[in-house]
Amino acid sequence: MLMSQPKVKILLVEDDPVLGYVVKDYLQKQDFDVTHCTDGDVAWHQFMKNIYDICLLDILLPGKKDGMELANSIRKKNENIPIILISSKSLDVDKIAGFETGADDYITKPYNIQELVMRIQVFLKRTKKKEEPAADVLKIGNLDFDYNNLTLGNDIEQYQLTQREADLVRYLCQNANRVLKRDEILMNVWGKDDYFLGRSMDVFITKVRKYLKSQTAAKLQTIHGIGFKFVYNPQ
C-alpha cells in the first residue's frame with residue numbers, strides 16, 4: 001500500500017481575521033496544511049515548535065514582533081525556508097527593508113490569491129531542487145564551481161557565494177552560449193519579473209563578472225536591450 005505524501009506546511013501570519021480566514025481556506029483547498037496566526041509573538045512560538053515549508057508574513061502585526069522582526073528571527077533560525085512578506089506598503093524603501101530581513105519575496109496588498117499560490121509553488125519547487133542530489137562540481141575555466149557548498153575558485157582565488165549568487169551562476173552555466181532575456185533570468189532565478197528585482201539582478205550580475213574577471217574562457221556579456229549571454233569556450 002502506497003503512503004500519501006505529507007502536505008506542505010505553511011505558516012500564515014495575518015492579523016486581519018477575515019482576510020486570514022479567506023487565505024487559509026483557499027490554501028487548504030489547494031491541499032496545503034496551514035497554521036494561521038494573528039500576531040508575531042504567537043507566530044514565533046508556532047515556528048519554534050513546528051517544522052514549516054514556507055512562511056507568509058504580514059508586516060503590520062500586533063505584539064512585540066512585527067512582520068519584519070519575525071522574518072529576521074526566522075531567517076536567523078533557518079537559512080533556507082522561503083519567506084514571503086505581505087504588506088500594504090508599496091514604496092521601494094519598504095521593499096528594500098523587507099528584503100534586508102532575509103525575505104525571499106514581497107507582495108503588496110491587495111493581491112491576487114491565485115498569484116500567491118503560484119509564487120508559493122515556485123519557491124517549493126526551488127527548495128525541492130536544493131534537496132535533490134547535486135551534480136558534480138562544474139569547471140568554469142580554471143575555477144571549480146561547487147553549488148552545494150556555495151564556492152567558486154581554485155588554489156589562487158576563492159569566493160564564498162551567497163545562495164542567490166550560486167543560483168545565478170548555475171543557471172548561466174546551464175544556459176551557456178545562449179542569449180538570455182532579462183525576464184527569463186528573473187523568472188528562473190528570482191521566481192518573478194518586476195522592476196525592483198531587475199535592479200537587484202544587475203547587482204548580482206556585476207558580482208558574477210567580478211568573480212570571472214580572471215577567466216579568458218568565460219565571459220558574461222550584456223546584450224543591450226535584451227539581456228545577457230554567458231560565453232563559455234572550454235580550452
# chains A, B, ... in the order shown; residues from 1 in each chain; ligands from 1

$ closest_atom_pairs --of "region 87-141 of chain A" --to "region 216-234 of chain A" --cutoff "10 Å" --atoms "only C-alpha atoms" --output "tab-separated table"
residue	atom	partner	partner_atom	distance
A:Lys139	CA	A:Pro234	CA	8.9
A:Ile140	CA	A:Ala218	CA	6.8
A:Gly141	CA	A:Ala217	CA	5.6

$ write_last_selection --atoms "N, CA and C atoms" --output "compact mmCIF listing (two decimals), in the first residue's frame"
# COMPACT_ATOMS: atom_id res chain seq x y z
N LYS A 139 33.37 22.90 -13.83
CA LYS A 139 34.56 23.67 -14.16
C LYS A 139 34.15 24.89 -14.98
N ILE A 140 34.60 26.06 -14.54
CA ILE A 140 34.41 27.29 -15.30
C ILE A 140 35.81 27.87 -15.52
N GLY A 141 36.37 27.57 -16.69
CA GLY A 141 37.76 27.93 -16.91
C GLY A 141 38.62 27.12 -15.96

$ residues_around --residues "Phe123 (chain A)" --least-positions-apart "3" --cutoff "8 Å" --atoms "only C-alpha atoms" --output "CSV table (one decimal) with N, CA and C atoms, in the first residue's frame"
chain,number,residue,atom,x,y,z
A,82,PRO,N,11.7,29.4,2.7
A,82,PRO,CA,11.2,30.6,1.9
A,82,PRO,C,10.3,31.4,2.8
A,119,ARG,N,3.3,31.7,-6.6
A,119,ARG,CA,4.6,32.1,-6.1
A,119,ARG,C,5.1,31.1,-5.0
A,120,ILE,N,4.1,30.6,-4.2
A,120,ILE,CA,4.4,29.5,-3.3
A,120,ILE,C,5.0,28.3,-4.0
A,126,ARG,N,11.8,25.2,-6.0
A,126,ARG,CA,13.2,25.6,-5.8
A,126,ARG,C,13.8,24.9,-4.6
A,127,THR,N,13.0,24.8,-3.5
A,127,THR,CA,13.5,24.1,-2.3
A,127,THR,C,13.7,22.7,-2.6
A,191,GLY,N,12.2,33.9,-9.4
A,191,GLY,CA,10.8,33.5,-9.3
A,191,GLY,C,9.8,34.4,-9.8

$ select_by_dssp --residues "chain A" --states "alpha helix (DSSP H)" --output "ChimeraX atom specification"
/A:17-29,40-49,67-77,92-100,113-131,163-174,182-185,195-211

$ residues_around --residues "region 52-65 of chain A" --least-positions-apart "3" --cutoff "6 Å" --atoms "only C-alpha atoms" --output "PDB file with C-alpha atoms, in the first residue's frame"
ATOM      1  CA  LYS A   9       3.062  23.089   5.873  1.00  0.00           C
ATOM      2  CA  ILE A  10       2.545  26.849   5.659  1.00  0.00           C
ATOM      3  CA  LEU A  11       2.855  29.386   8.468  1.00  0.00           C
ATOM      4  CA  LEU A  12       0.405  32.182   7.633  1.00  0.00           C
ATOM      5  CA  VAL A  13       0.627  35.316   9.765  1.00  0.00           C
ATOM      6  CA  GLU A  14      -2.185  37.797   9.097  1.00  0.00           C
ATOM      7  CA  ASP A  39       0.251  38.269  15.833  1.00  0.00           C
ATOM      8  CA  GLY A  40       4.020  37.947  15.640  1.00  0.00           C
ATOM      9  CA  ASP A  41       4.591  36.578  19.135  1.00  0.00           C
ATOM     10  CA  MET A  68       9.914  42.470   9.705  1.00  0.00           C
ATOM     11  CA  GLU A  69      11.247  41.343  13.084  1.00  0.00           C
ATOM     12  CA  LEU A  70       9.579  37.968  12.694  1.00  0.00           C
ATOM     13  CA  ILE A  81      12.991  28.316   4.448  1.00  0.00           C
ATOM     14  CA  PRO A  82      11.200  30.556   1.899  1.00  0.00           C
ATOM     15  CA  ILE A  83       9.728  33.737   3.417  1.00  0.00           C
ATOM     16  CA  ILE A  84       7.151  35.866   1.608  1.00  0.00           C
ATOM     17  CA  LEU A  85       6.334  39.249   3.147  1.00  0.00           C
ATOM     18  CA  ILE A  86       2.863  40.704   2.568  1.00  0.00           C
ATOM     19  CA  SER A  87       2.163  44.408   3.064  1.00  0.00           C
TER      20      SER A  87
END

$ residues_around --residues "region 159-168 of chain A" --least-positions-apart "5" --cutoff "8 Å" --atoms "only C-alpha atoms" --output "JSON list (two decimals) with N, CA and C atoms, in the first residue's frame"
[["chain", "number", "residue", "atom", "x", "y", "z"],
["A", 147, "TYR", "N", 28.20, 24.02, -6.26],
["A", 147, "TYR", "CA", 26.89, 24.60, -5.90],
["A", 147, "TYR", "C", 26.48, 24.22, -4.49],
["A", 150, "LEU", "N", 28.47, 26.29, -2.13],
["A", 150, "LEU", "CA", 28.42, 27.72, -2.46],
["A", 150, "LEU", "C", 29.82, 28.32, -2.60],
["A", 151, "THR", "N", 30.68, 27.61, -3.33],
["A", 151, "THR", "CA", 32.04, 28.12, -3.52],
["A", 151, "THR", "C", 32.39, 28.15, -5.00],
["A", 152, "LEU", "N", 33.28, 29.09, -5.34],
["A", 152, "LEU", "CA", 33.79, 29.23, -6.69],
["A", 152, "LEU", "C", 35.26, 29.62, -6.56],
["A", 153, "GLY", "N", 36.18, 28.82, -7.12],
["A", 153, "GLY", "CA", 37.57, 29.21, -7.00],
["A", 153, "GLY", "C", 38.55, 28.11, -7.33],
["A", 189, "VAL", "N", 15.48, 32.44, -11.71],
["A", 189, "VAL", "CA", 16.37, 32.55, -10.56],
["A", 189, "VAL", "C", 15.69, 33.23, -9.38],
["A", 204, "PHE", "N", 23.80, 41.56, -8.85],
["A", 204, "PHE", "CA", 24.34, 40.21, -8.82],
["A", 204, "PHE", "C", 25.14, 39.91, -10.10],
["A", 208, "VAL", "N", 29.05, 38.60, -10.30],
["A", 208, "VAL", "CA", 29.50, 37.41, -11.03],
["A", 208, "VAL", "C", 30.60, 37.79, -12.01],
["A", 211, "TYR", "N", 33.80, 37.93, -10.18],
["A", 211, "TYR", "CA", 34.34, 36.61, -9.87],
["A", 211, "TYR", "C", 35.04, 35.99, -11.08]]

$ select_by_dssp --residues "region 12-232 of chain A" --states "strand (DSSP E)" --output "PyMOL selection string"
chain A and resi 12-13+33-37+54-58+83-87+105-108+138-140+143-146+151-153+158-160+179-181+218-223+227-232

$ atom_distance --atom1 "CA of Asp16 (chain A)" --atom2 "CA of Thr38 (chain A)"
7.2 Å

$ atom_distance --atom1 "CA of Asp25 (chain A)" --atom2 "CA of Asn78 (chain A)"
26.7 Å

$ closest_residue --among "A:Asn72, A:Asp193, A:Val8, A:Asp155" --to "Leu124 (chain A)" --atoms "only C-alpha atoms"
A:Val8

$ closest_residue --among "A:Gln28, A:Ser214, A:Gln174, A:Thr108" --to "Ser90 (chain A)" --atoms "only C-alpha atoms"
A:Thr108

$ closest_residue --among "A:Asp104, A:Asp202, A:Asp144, A:Glu184" --to "Ala71 (chain A)" --atoms "only C-alpha atoms"
A:Asp104

$ residues_around --residues "Asp92 (chain A)" --least-positions-apart "2" --cutoff "12 Å" --atoms "only C-alpha atoms" --output "compact mmCIF listing (two decimals) with C-alpha atoms, in the first residue's frame"
# COMPACT_ATOMS: atom_id res chain seq x y z
CA LYS A 89 3.35 49.38 1.82
CA SER A 90 4.48 49.54 -1.79
CA ASP A 94 9.73 49.44 2.20
CA LYS A 95 10.57 46.60 -0.17
CA ILE A 96 14.28 47.09 0.40
CA ALA A 97 13.75 46.96 4.17
CA GLY A 98 11.76 43.76 3.69
CA PHE A 99 14.43 42.05 1.62
CA TYR A 106 7.47 40.84 -1.17
CA THR A 108 1.72 44.25 -1.87
CA ASP A 194 9.50 43.09 -11.78
CA TYR A 195 11.43 46.37 -11.87
CA PHE A 196 12.66 46.18 -8.29
CA LEU A 197 14.11 42.68 -8.68
CA ARG A 199 17.71 46.27 -10.22
CA SER A 200 18.76 43.60 -7.76
